file target22.txt (compact mmCIF, C-alpha atoms (C1' of nucleotides))
# COMPACT_ATOMS: atom_id res chain seq x y z
CA MET R 67 101.13 105.51 90.76
CA PRO R 68 101.26 107.98 87.87
CA PRO R 69 102.92 111.34 88.29
CA LYS R 70 100.41 113.98 89.04
CA SER R 71 101.72 117.45 89.07
CA LYS R 72 102.62 119.25 85.93
CA VAL R 73 104.83 121.66 87.75
CA SER R 74 108.15 121.66 86.06
CA LYS R 75 111.57 121.16 87.48
CA ARG R 76 113.04 124.20 89.01
CA LYS R 77 116.72 124.28 89.66
CA SER R 78 117.61 126.90 92.21
CA GLU R 79 117.22 126.59 95.90
CA PRO R 80 115.70 129.65 97.56
CA GLU R 81 115.06 127.77 100.75
CA THR R 82 116.53 130.18 103.22
CA LYS R 83 113.60 132.47 103.75
CA GLU R 84 111.37 129.84 105.32
CA LYS R 85 112.82 130.44 108.76
CA THR R 86 112.19 134.16 108.78
CA ASP R 87 108.66 133.59 107.55
CA ASP R 88 107.99 131.21 110.42
CA LYS R 89 109.37 133.63 112.94
CA LYS R 90 107.40 136.50 111.57
CA SER R 91 104.06 134.77 111.50
CA LYS R 92 104.49 133.69 115.10
CA ILE R 93 105.09 137.22 116.29
CA GLU R 94 102.69 139.12 114.08
CA GLU R 95 99.49 137.20 113.95
CA SER R 96 97.72 134.58 115.91
CA THR R 97 95.91 133.49 112.79
CA GLU R 98 95.01 129.86 112.55
CA ARG R 99 97.11 127.47 110.52
CA ILE R 100 95.78 126.92 107.03
CA SER R 101 94.16 123.49 106.93
CA LYS R 102 92.40 123.62 103.58
CA TRP R 103 94.11 123.26 100.21
CA LEU R 104 93.57 123.01 96.50
CA PHE R 105 95.31 120.31 94.46
CA LYS R 106 95.53 120.67 90.70
CA SER R 107 95.70 117.68 88.45
CA GLU R 108 95.21 116.98 84.76
CA PRO R 109 92.31 114.66 83.96
CA GLU R 110 93.30 114.12 80.35
CA THR R 111 96.17 112.25 78.77
CA ARG R 112 99.20 114.40 78.06
CA MET R 113 102.56 112.89 77.30
CA GLU R 114 105.67 114.30 78.90
CA LYS R 115 108.93 112.49 78.15
CA GLY R 116 106.99 109.42 77.21
CA VAL R 117 104.95 109.37 80.40
CA ASP R 118 101.25 110.09 80.66
CA MET R 119 100.61 112.97 83.06
CA ARG R 120 96.91 112.19 83.43
CA PHE R 121 95.60 111.80 86.94
CA SER R 122 91.89 112.44 87.27
CA PHE R 123 89.69 112.35 90.34
CA ASP R 124 88.43 108.97 89.17
CA ASP R 125 92.03 107.79 88.87
CA LEU R 126 92.53 108.70 92.52
CA LYS R 127 89.42 106.75 93.45
CA ALA R 128 90.76 103.74 91.55
CA GLU R 129 94.01 103.68 93.54
CA LYS R 130 94.53 101.22 96.35
CA ASN R 131 92.77 102.59 99.45
CA GLU R 132 91.63 105.46 97.18
CA THR R 133 94.92 107.04 98.19
CA SER R 134 97.88 108.32 96.23
CA HIS R 135 101.23 110.08 96.60
CA TRP R 136 101.11 113.66 95.39
CA ASP R 137 104.45 113.36 93.65
CA GLY R 138 106.04 115.48 90.97
CA VAL R 139 105.71 118.89 92.58
CA ARG R 140 108.80 120.88 91.56
CA ASN R 141 108.02 124.34 92.77
CA TYR R 142 109.33 125.56 96.12
CA SER R 143 106.25 127.46 97.08
CA ALA R 144 103.97 124.50 96.35
CA ARG R 145 106.37 122.20 98.18
CA ASN R 146 106.35 124.46 101.21
CA PHE R 147 102.57 124.36 101.30
CA MET R 148 102.74 120.57 101.32
CA ARG R 149 105.16 120.72 104.24
CA GLU R 150 102.55 122.66 106.20
CA MET R 151 99.89 120.02 105.70
CA LYS R 152 98.72 117.85 108.57
CA VAL R 153 96.86 114.56 108.58
CA GLY R 154 93.15 115.37 108.43
CA ASP R 155 93.56 118.53 106.37
CA GLU R 156 91.03 118.76 103.57
CA GLY R 157 91.44 119.74 99.95
CA PHE R 158 89.63 120.53 96.74
CA PHE R 159 90.59 118.36 93.77
CA TYR R 160 90.86 120.63 90.74
CA HIS R 161 90.92 119.51 87.13
CA SER R 162 93.27 121.64 85.05
CA ASN R 163 94.27 121.74 81.41
CA THR R 164 90.91 120.47 80.24
CA LYS R 165 87.96 121.96 78.33
CA ILE R 166 86.14 123.09 81.44
CA PRO R 167 88.60 123.40 84.31
CA GLY R 168 87.12 123.35 87.81
CA ILE R 169 86.71 121.73 91.20
CA ILE R 170 85.37 118.20 91.04
CA GLY R 171 85.69 116.76 94.52
CA LEU R 172 87.17 116.58 97.98
CA VAL R 173 90.27 114.84 99.31
CA THR R 174 91.94 114.56 102.68
CA VAL R 175 95.59 114.40 103.69
CA VAL R 176 96.44 110.99 105.13
CA ARG R 177 100.23 111.26 105.33
CA GLU R 178 102.36 114.32 105.96
CA ALA R 179 105.28 115.45 103.81
CA TYR R 180 108.02 112.93 103.06
CA PRO R 181 110.59 112.71 100.27
CA ASP R 182 109.24 112.36 96.74
CA HIS R 183 111.02 109.30 95.34
CA THR R 184 110.50 110.40 91.73
CA GLN R 185 113.16 113.10 92.12
CA PHE R 186 115.81 110.33 92.18
CA ASP R 187 114.44 108.34 89.25
CA PRO R 188 116.25 109.26 86.01
CA LYS R 189 113.38 107.83 83.99
CA ASP R 190 110.80 109.99 85.69
CA PRO R 191 109.78 113.18 83.88
CA HIS R 192 110.32 115.04 87.14
CA TYR R 193 113.77 113.63 87.84
CA ASP R 194 115.99 116.20 89.56
CA PRO R 195 119.68 115.35 89.14
CA LYS R 196 120.62 118.09 91.59
CA SER R 197 118.66 116.69 94.48
CA ASP R 198 120.83 115.04 97.13
CA LYS R 199 119.63 111.79 98.67
CA ALA R 200 120.93 112.87 102.05
CA ALA R 201 118.84 116.04 101.86
CA PRO R 202 116.01 115.51 99.39
CA ARG R 203 114.80 118.69 97.83
CA TRP R 204 111.23 117.63 96.98
CA ASP R 205 108.50 116.24 99.18
CA MET R 206 105.06 114.80 98.65
CA VAL R 207 102.04 114.04 100.81
CA ASP R 208 99.48 111.25 100.50
CA VAL R 209 95.91 112.24 99.75
CA LYS R 210 92.75 110.16 99.88
CA TYR R 211 89.53 110.43 97.91
CA VAL R 212 86.63 111.72 100.02
CA ARG R 213 83.70 112.41 97.69
CA LYS R 214 82.64 114.11 94.51
CA LEU R 215 80.95 117.48 94.82
CA LYS R 216 77.22 117.46 94.13
CA ARG R 217 78.01 119.50 91.06
CA TYR R 218 81.17 120.43 89.22
CA ILE R 219 82.24 123.99 90.03
CA PRO R 220 83.85 125.48 86.93
CA LEU R 221 86.74 127.89 87.04
CA SER R 222 84.64 130.42 85.11
CA GLU R 223 82.14 130.60 87.97
CA LEU R 224 84.88 131.02 90.57
CA LYS R 225 86.42 133.72 88.43
CA GLU R 226 83.17 135.65 88.17
CA LEU R 227 82.69 135.46 91.91
CA HIS R 228 86.28 136.49 92.50
CA GLN R 229 85.78 139.56 90.32
CA LYS R 230 82.56 140.42 92.12
CA HIS R 231 84.09 139.87 95.55
CA LYS R 232 87.09 142.04 94.78
CA GLY R 233 84.70 144.96 94.67
CA SER R 234 82.42 143.91 97.49
CA GLY R 235 84.98 142.38 99.86
CA GLY R 236 83.27 139.00 99.52
CA PRO R 237 84.72 135.65 100.53
CA LEU R 238 86.61 134.94 97.29
CA ARG R 239 88.27 138.36 97.03
CA ASN R 240 91.77 136.91 97.55
CA LEU R 241 91.40 133.41 96.15
CA ALA R 242 94.89 132.04 95.52
CA MET R 243 93.77 130.60 92.17
CA PHE R 244 93.73 134.12 90.84
CA THR R 245 96.25 135.87 93.05
CA LYS R 246 98.92 133.13 92.93
CA ALA R 247 98.03 131.68 89.59
CA ARG R 248 99.77 128.57 88.38
CA LEU R 249 100.74 127.03 91.68
CA SER R 250 99.77 123.37 91.62
CA VAL R 251 99.15 123.31 95.36
CA GLN R 252 97.41 126.29 96.89
CA PRO R 253 96.10 127.35 100.29
CA ILE R 254 92.37 127.92 100.81
CA THR R 255 91.15 129.96 103.76
CA GLU R 256 88.37 128.70 105.99
CA GLU R 257 86.08 131.40 104.65
CA GLU R 258 86.82 130.44 101.03
CA TRP R 259 86.35 126.76 101.82
CA GLN R 260 82.93 127.25 103.35
CA PHE R 261 81.78 129.56 100.60
CA ILE R 262 82.91 127.31 97.75
CA LEU R 263 81.33 124.30 99.43
CA SER R 264 78.05 126.19 99.69
CA LEU R 265 78.10 126.60 95.90
CA GLU R 266 77.57 122.90 95.32
CA ASN R 267 74.01 123.24 96.63
CA GLU R 268 73.06 125.93 94.16
CA THR R 269 70.84 124.71 91.40
CA ASP R 270 71.28 127.30 88.66
C1' DG M 70 98.20 126.57 69.22
C1' DC M 71 98.71 131.14 71.26
C1' DC M 72 100.47 133.76 74.69
C1' DA M 73 100.18 136.30 79.42
C1' DA M 74 101.85 135.62 83.80
C1' DC M 75 105.30 134.35 86.50
C1' DG M 76 109.33 131.62 88.30
C1' DT M 77 114.22 130.66 87.35
C1' DT M 78 118.74 131.36 85.36
C1' DG M 79 122.87 133.51 84.54
C1' DG M 80 125.63 137.51 82.78
C1' DC M 81 127.33 141.43 84.51
C1' DG C 258 122.06 141.63 93.63
C1' DC C 259 119.86 143.48 89.35
C1' DC C 260 117.31 142.25 85.56
C1' DA C 261 116.86 140.47 80.68
C1' DA C 262 116.27 136.20 78.68
C1' DC C 263 114.28 132.00 78.97
C1' DG C 264 111.10 128.19 80.30
C1' DT C 265 106.71 126.62 82.04
C1' DT C 266 101.82 126.78 83.21
C1' DG C 267 97.44 126.49 81.85
C1' DG C 268 93.29 129.22 80.35
C1' DC C 269 91.41 130.43 76.22
call {"tool": "encode", "arguments": {"input": "target22.txt", "output": "C-alpha cells"}}
result
Amino acid sequence: MPPKSKVSKRKSEPETKEKTDDKKSKIEESTERISKWLFKSEPETRMEKGVDMRFSFDDLKAEKNETSHWDGVRNYSARNFMREMKVGDEGFFYHSNTKIPGIIGLVTVVREAYPDHTQFDPKDPHYDPKSDKAAPRWDMVDVKYVRKLKRYIPLSELKELHQKHKGSGGPLRNLAMFTKARLSVQPITEEEWQFILSLENETD
DNA sequence: GCCAACGTTGGC
DNA sequence: GCCAACGTTGGC
C-alpha cells in the first residue's frame, strides 16, 4: 500500500467555509452532484523521505482486489472533493510527473471518505503531527481499477482542446486540470467526462 | 533542473 | 486581515 499522492503537507486549517458553500449550492443551483473525478498519481519512482512515491495504474491493478486507499492527500480542497465522493463514482487515472503525462485508465470509488491512517504515522512522508486522532484532518477513499483506455490521452492533447474550447465554448473550456492546476484530486463534469471518453476512439 | 503558478505561513 | 516570503507541484 504505497503512498500515492504527492500533495505536500499543509499546516493550516481553513475548514470553516465548507458549511457556507453547502448552504449556498443548495439555494442557488439544482445542479447535479459531481460524480466524476480525476486522480493524479506518479508512475515513476521518486524518493521522498526514503519512501518511493510511485503508484502507477498497473500498480493499482496489482493490488489485492485491484483496489487501493488513496492516501497521502494533504490539500484541503482535494480532501473536500474526496469527501464528496460516493460509492460508484467514476474517475480518470492520470499519470503525472512523467515524460508524457496523461490519462491512462478508469477507476471507480468503492469506499467513501474515512481517515487516512498515514497522517498518524511518523515514518510516513505525509505524517501530520498536528492532526488529532479524535478529529482526523485528512481522509482517503478506496478506488478500484476498472480498465485501461483504448489509447493513452496525453496532457498535450487535452491542453490543445482546452485552448480551442475556451474560444468556442466547447466541452473542455473549464477543465479543472487547467483552471485549478496542481490539485491531485479534481472534479470532472459530466460533459467533460463524456467528451474525454469519446477521444479514446479517435485513431489519429 | 528550471521555474510559473498557487497554497500556506507568519509578521505586522 | 493583509500580503510578502516561502514551499510545493509538476510541466517542460
call {"tool": "atom_distance", "arguments": {"input": "target22.txt", "atom1": "CA of Ser107 in chain R", "atom2": "CA of Phe158 in chain R"}}
result
10.7 Å
call {"tool": "closest_residue", "arguments": {"input": "target22.txt", "among": "R:His192, R:Arg140, R:Lys152, R:Arg120", "to": "DG76 in chain M", "atoms": "all atoms listed in the file"}}
result
R:Arg140
call {"tool": "axis_aligned_box", "arguments": {"input": "target22.txt", "around": "range 265-268 of chain C", "padding_each_side": "3 Å", "output": "lines of an AutoDock Vina configuration file"}}
result
center_x = 100.0
center_y = 127.9
center_z = 81.8
size_x = 19.4
size_y = 8.7
size_z = 8.9
call {"tool": "closest_residue", "arguments": {"input": "target22.txt", "among": "R:Met151, R:Ala200, R:Ile166, R:Ile254", "to": "DG267 in chain C", "atoms": "only C-alpha atoms (C1' of nucleotides)"}}
result
R:Ile166
call {"tool": "residues_around", "arguments": {"input": "target22.txt", "residues": "His183 in chain R", "least_positions_apart": "5", "cutoff": "12 Å", "atoms": "only C-alpha atoms (C1' of nucleotides)", "output": "ChimeraX atom specification"}}
result
/R:67,69,135-139,188-190,192-194,197-199,202-207
call {"tool": "residues_around", "arguments": {"input": "target22.txt", "residues": "DA74 in chain M", "least_positions_apart": "6", "cutoff": "9 Å", "atoms": "only C-alpha atoms (C1' of nucleotides)", "output": "PyMOL selection string"}}
result
(chain R and resi 247-248) or (chain C and resi 266)
call {"tool": "atom_distance", "arguments": {"input": "target22.txt", "atom1": "CA of Ala179 in chain R", "atom2": "CA of Leu126 in chain R"}}
result
18.3 Å
call {"tool": "residues_around", "arguments": {"input": "target22.txt", "residues": "Asn163 in chain R", "least_positions_apart": "4", "cutoff": "12 Å", "atoms": "only C-alpha atoms (C1' of nucleotides)", "output": "PDB file with C-alpha atoms (C1' of nucleotides), in the frame of the given file"}}
result
ATOM      1  CA  SER R  71     101.720 117.450  89.070  1.00  0.00           C
ATOM      2  CA  LYS R  72     102.620 119.250  85.930  1.00  0.00           C
ATOM      3  CA  LYS R 106      95.530 120.670  90.700  1.00  0.00           C
ATOM      4  CA  SER R 107      95.700 117.680  88.450  1.00  0.00           C
ATOM      5  CA  GLU R 108      95.210 116.980  84.760  1.00  0.00           C
ATOM      6  CA  PRO R 109      92.310 114.660  83.960  1.00  0.00           C
ATOM      7  CA  GLU R 110      93.300 114.120  80.350  1.00  0.00           C
ATOM      8  CA  THR R 111      96.170 112.250  78.770  1.00  0.00           C
ATOM      9  CA  ARG R 112      99.200 114.400  78.060  1.00  0.00           C
ATOM     10  CA  MET R 119     100.610 112.970  83.060  1.00  0.00           C
ATOM     11  CA  ARG R 120      96.910 112.190  83.430  1.00  0.00           C
ATOM     12  CA  PHE R 121      95.600 111.800  86.940  1.00  0.00           C
ATOM     13  CA  SER R 122      91.890 112.440  87.270  1.00  0.00           C
ATOM     14  CA  PRO R 167      88.600 123.400  84.310  1.00  0.00           C
ATOM     15  CA  GLY R 168      87.120 123.350  87.810  1.00  0.00           C
ATOM     16  CA  LEU R 221      86.740 127.890  87.040  1.00  0.00           C
ATOM     17  CA  ARG R 248      99.770 128.570  88.380  1.00  0.00           C
ATOM     18  CA  SER R 250      99.770 123.370  91.620  1.00  0.00           C
TER      19      SER R 250
ATOM     20  C1'  DT C 266     101.820 126.780  83.210  1.00  0.00           C
ATOM     21  C1'  DG C 267      97.440 126.490  81.850  1.00  0.00           C
ATOM     22  C1'  DG C 268      93.290 129.220  80.350  1.00  0.00           C
ATOM     23  C1'  DC C 269      91.410 130.430  76.220  1.00  0.00           C
TER      24       DC C 269
END
call {"tool": "closest_residue", "arguments": {"input": "target22.txt", "among": "R:Asn240, R:Ser234, R:Ser101, R:Ser143", "to": "chain M", "atoms": "all atoms listed in the file"}}
result
R:Ser143
call {"tool": "residues_around", "arguments": {"input": "target22.txt", "residues": "range 224-226 of chain R", "least_positions_apart": "3", "cutoff": "9 Å", "atoms": "all atoms listed in the file", "output": "PyMOL selection string"}}
result
chain R and resi 168+219-221+229-231+238+241+243-244+262
call {"tool": "atom_distance", "arguments": {"input": "target22.txt", "atom1": "CA of Asp208 in chain R", "atom2": "CA of Arg177 in chain R"}}
result
4.9 Å
call {"tool": "build_atoms", "arguments": {"input": "target22.txt", "residues": "range 138-149 of chain R", "atoms": "all heavy atoms", "output": "JSON list (two decimals), keeping the file's coordinate frame"}}
result
[["chain", "number", "residue", "atom", "x", "y", "z"],
["R", 138, "GLY", "N", 105.78, 114.69, 92.16],
["R", 138, "GLY", "CA", 106.04, 115.48, 90.97],
["R", 138, "GLY", "C", 106.00, 116.98, 91.16],
["R", 138, "GLY", "O", 106.24, 117.72, 90.21],
["R", 139, "VAL", "N", 105.72, 117.44, 92.35],
["R", 139, "VAL", "CA", 105.71, 118.89, 92.58],
["R", 139, "VAL", "C", 107.15, 119.41, 92.59],
["R", 139, "VAL", "O", 107.99, 118.93, 93.35],
["R", 139, "VAL", "CB", 105.01, 119.24, 93.91],
["R", 139, "VAL", "CG1", 105.18, 120.71, 94.25],
["R", 139, "VAL", "CG2", 103.53, 118.88, 93.82],
["R", 140, "ARG", "N", 107.44, 120.36, 91.70],
["R", 140, "ARG", "CA", 108.80, 120.88, 91.56],
["R", 140, "ARG", "C", 108.79, 122.40, 91.60],
["R", 140, "ARG", "O", 109.36, 123.08, 90.76],
["R", 140, "ARG", "CB", 109.43, 120.39, 90.24],
["R", 140, "ARG", "CG", 109.58, 118.88, 90.14],
["R", 140, "ARG", "CD", 110.61, 118.33, 91.12],
["R", 140, "ARG", "NE", 110.77, 116.88, 90.95],
["R", 140, "ARG", "CZ", 110.08, 115.99, 91.65],
["R", 140, "ARG", "NH1", 109.18, 116.38, 92.53],
["R", 140, "ARG", "NH2", 110.30, 114.70, 91.46],
["R", 141, "ASN", "N", 108.09, 122.89, 92.56],
["R", 141, "ASN", "CA", 108.02, 124.34, 92.77],
["R", 141, "ASN", "C", 108.12, 124.55, 94.27],
["R", 141, "ASN", "O", 107.42, 123.90, 95.04],
["R", 141, "ASN", "CB", 106.69, 124.85, 92.20],
["R", 141, "ASN", "CG", 106.43, 126.30, 92.56],
["R", 141, "ASN", "OD1", 106.08, 126.61, 93.69],
["R", 141, "ASN", "ND2", 106.59, 127.19, 91.60],
["R", 142, "TYR", "N", 109.03, 125.44, 94.69],
["R", 142, "TYR", "CA", 109.33, 125.56, 96.12],
["R", 142, "TYR", "C", 108.13, 126.03, 96.93],
["R", 142, "TYR", "O", 107.90, 125.58, 98.04],
["R", 142, "TYR", "CB", 110.52, 126.49, 96.34],
["R", 142, "TYR", "CG", 111.82, 125.85, 95.93],
["R", 142, "TYR", "CD1", 112.44, 126.18, 94.73],
["R", 142, "TYR", "CD2", 112.40, 124.86, 96.71],
["R", 142, "TYR", "CE1", 113.61, 125.56, 94.32],
["R", 142, "TYR", "CE2", 113.57, 124.23, 96.32],
["R", 142, "TYR", "CZ", 114.17, 124.59, 95.12],
["R", 142, "TYR", "OH", 115.31, 123.96, 94.74],
["R", 143, "SER", "N", 107.39, 126.93, 96.37],
["R", 143, "SER", "CA", 106.25, 127.46, 97.08],
["R", 143, "SER", "C", 105.20, 126.37, 97.29],
["R", 143, "SER", "O", 104.66, 126.19, 98.40],
["R", 143, "SER", "CB", 105.70, 128.64, 96.28],
["R", 143, "SER", "OG", 104.60, 129.17, 96.90],
["R", 144, "ALA", "N", 104.93, 125.60, 96.23],
["R", 144, "ALA", "CA", 103.97, 124.50, 96.35],
["R", 144, "ALA", "C", 104.48, 123.45, 97.32],
["R", 144, "ALA", "O", 103.74, 122.91, 98.15],
["R", 144, "ALA", "CB", 103.71, 123.88, 94.97],
["R", 145, "ARG", "N", 105.77, 123.17, 97.25],
["R", 145, "ARG", "CA", 106.37, 122.20, 98.18],
["R", 145, "ARG", "C", 106.21, 122.67, 99.62],
["R", 145, "ARG", "O", 105.87, 121.89, 100.51],
["R", 145, "ARG", "CB", 107.85, 122.02, 97.87],
["R", 145, "ARG", "CG", 108.51, 121.01, 98.80],
["R", 145, "ARG", "CD", 110.00, 121.24, 98.95],
["R", 145, "ARG", "NE", 110.28, 122.52, 99.59],
["R", 145, "ARG", "CZ", 111.49, 122.99, 99.79],
["R", 145, "ARG", "NH1", 112.54, 122.32, 99.35],
["R", 145, "ARG", "NH2", 111.67, 124.15, 100.40],
["R", 146, "ASN", "N", 106.46, 123.95, 99.84],
["R", 146, "ASN", "CA", 106.35, 124.46, 101.21],
["R", 146, "ASN", "C", 104.92, 124.36, 101.74],
["R", 146, "ASN", "O", 104.72, 124.09, 102.93],
["R", 146, "ASN", "CB", 106.85, 125.90, 101.28],
["R", 146, "ASN", "CG", 108.36, 125.98, 101.05],
["R", 146, "ASN", "OD1", 109.06, 124.98, 101.13],
["R", 146, "ASN", "ND2", 108.84, 127.18, 100.75],
["R", 147, "PHE", "N", 103.96, 124.56, 100.87],
["R", 147, "PHE", "CA", 102.57, 124.36, 101.30],
["R", 147, "PHE", "C", 102.36, 122.90, 101.71],
["R", 147, "PHE", "O", 101.72, 122.63, 102.73],
["R", 147, "PHE", "CB", 101.59, 124.76, 100.20],
["R", 147, "PHE", "CG", 101.45, 126.24, 100.01],
["R", 147, "PHE", "CD1", 101.46, 126.81, 98.74],
["R", 147, "PHE", "CD2", 101.31, 127.09, 101.12],
["R", 147, "PHE", "CE1", 101.34, 128.18, 98.57],
["R", 147, "PHE", "CE2", 101.19, 128.47, 100.95],
["R", 147, "PHE", "CZ", 101.20, 129.01, 99.68],
["R", 148, "MET", "N", 102.91, 121.98, 100.95],
["R", 148, "MET", "CA", 102.74, 120.57, 101.32],
["R", 148, "MET", "C", 103.38, 120.27, 102.67],
["R", 148, "MET", "O", 102.88, 119.47, 103.44],
["R", 148, "MET", "CB", 103.32, 119.66, 100.24],
["R", 148, "MET", "CG", 102.46, 119.63, 98.99],
["R", 148, "MET", "SD", 102.74, 118.18, 97.95],
["R", 148, "MET", "CE", 104.41, 118.48, 97.43],
["R", 149, "ARG", "N", 104.49, 120.94, 102.95],
["R", 149, "ARG", "CA", 105.16, 120.72, 104.24],
["R", 149, "ARG", "C", 104.34, 121.24, 105.41],
["R", 149, "ARG", "O", 104.56, 120.84, 106.55],
["R", 149, "ARG", "CB", 106.54, 121.36, 104.23],
["R", 149, "ARG", "CG", 107.53, 120.60, 103.37],
["R", 149, "ARG", "CD", 108.90, 121.22, 103.40],
["R", 149, "ARG", "NE", 109.86, 120.37, 102.67],
["R", 149, "ARG", "CZ", 111.12, 120.70, 102.45],
["R", 149, "ARG", "NH1", 111.60, 121.85, 102.90],
["R", 149, "ARG", "NH2", 111.92, 119.88, 101.80]]
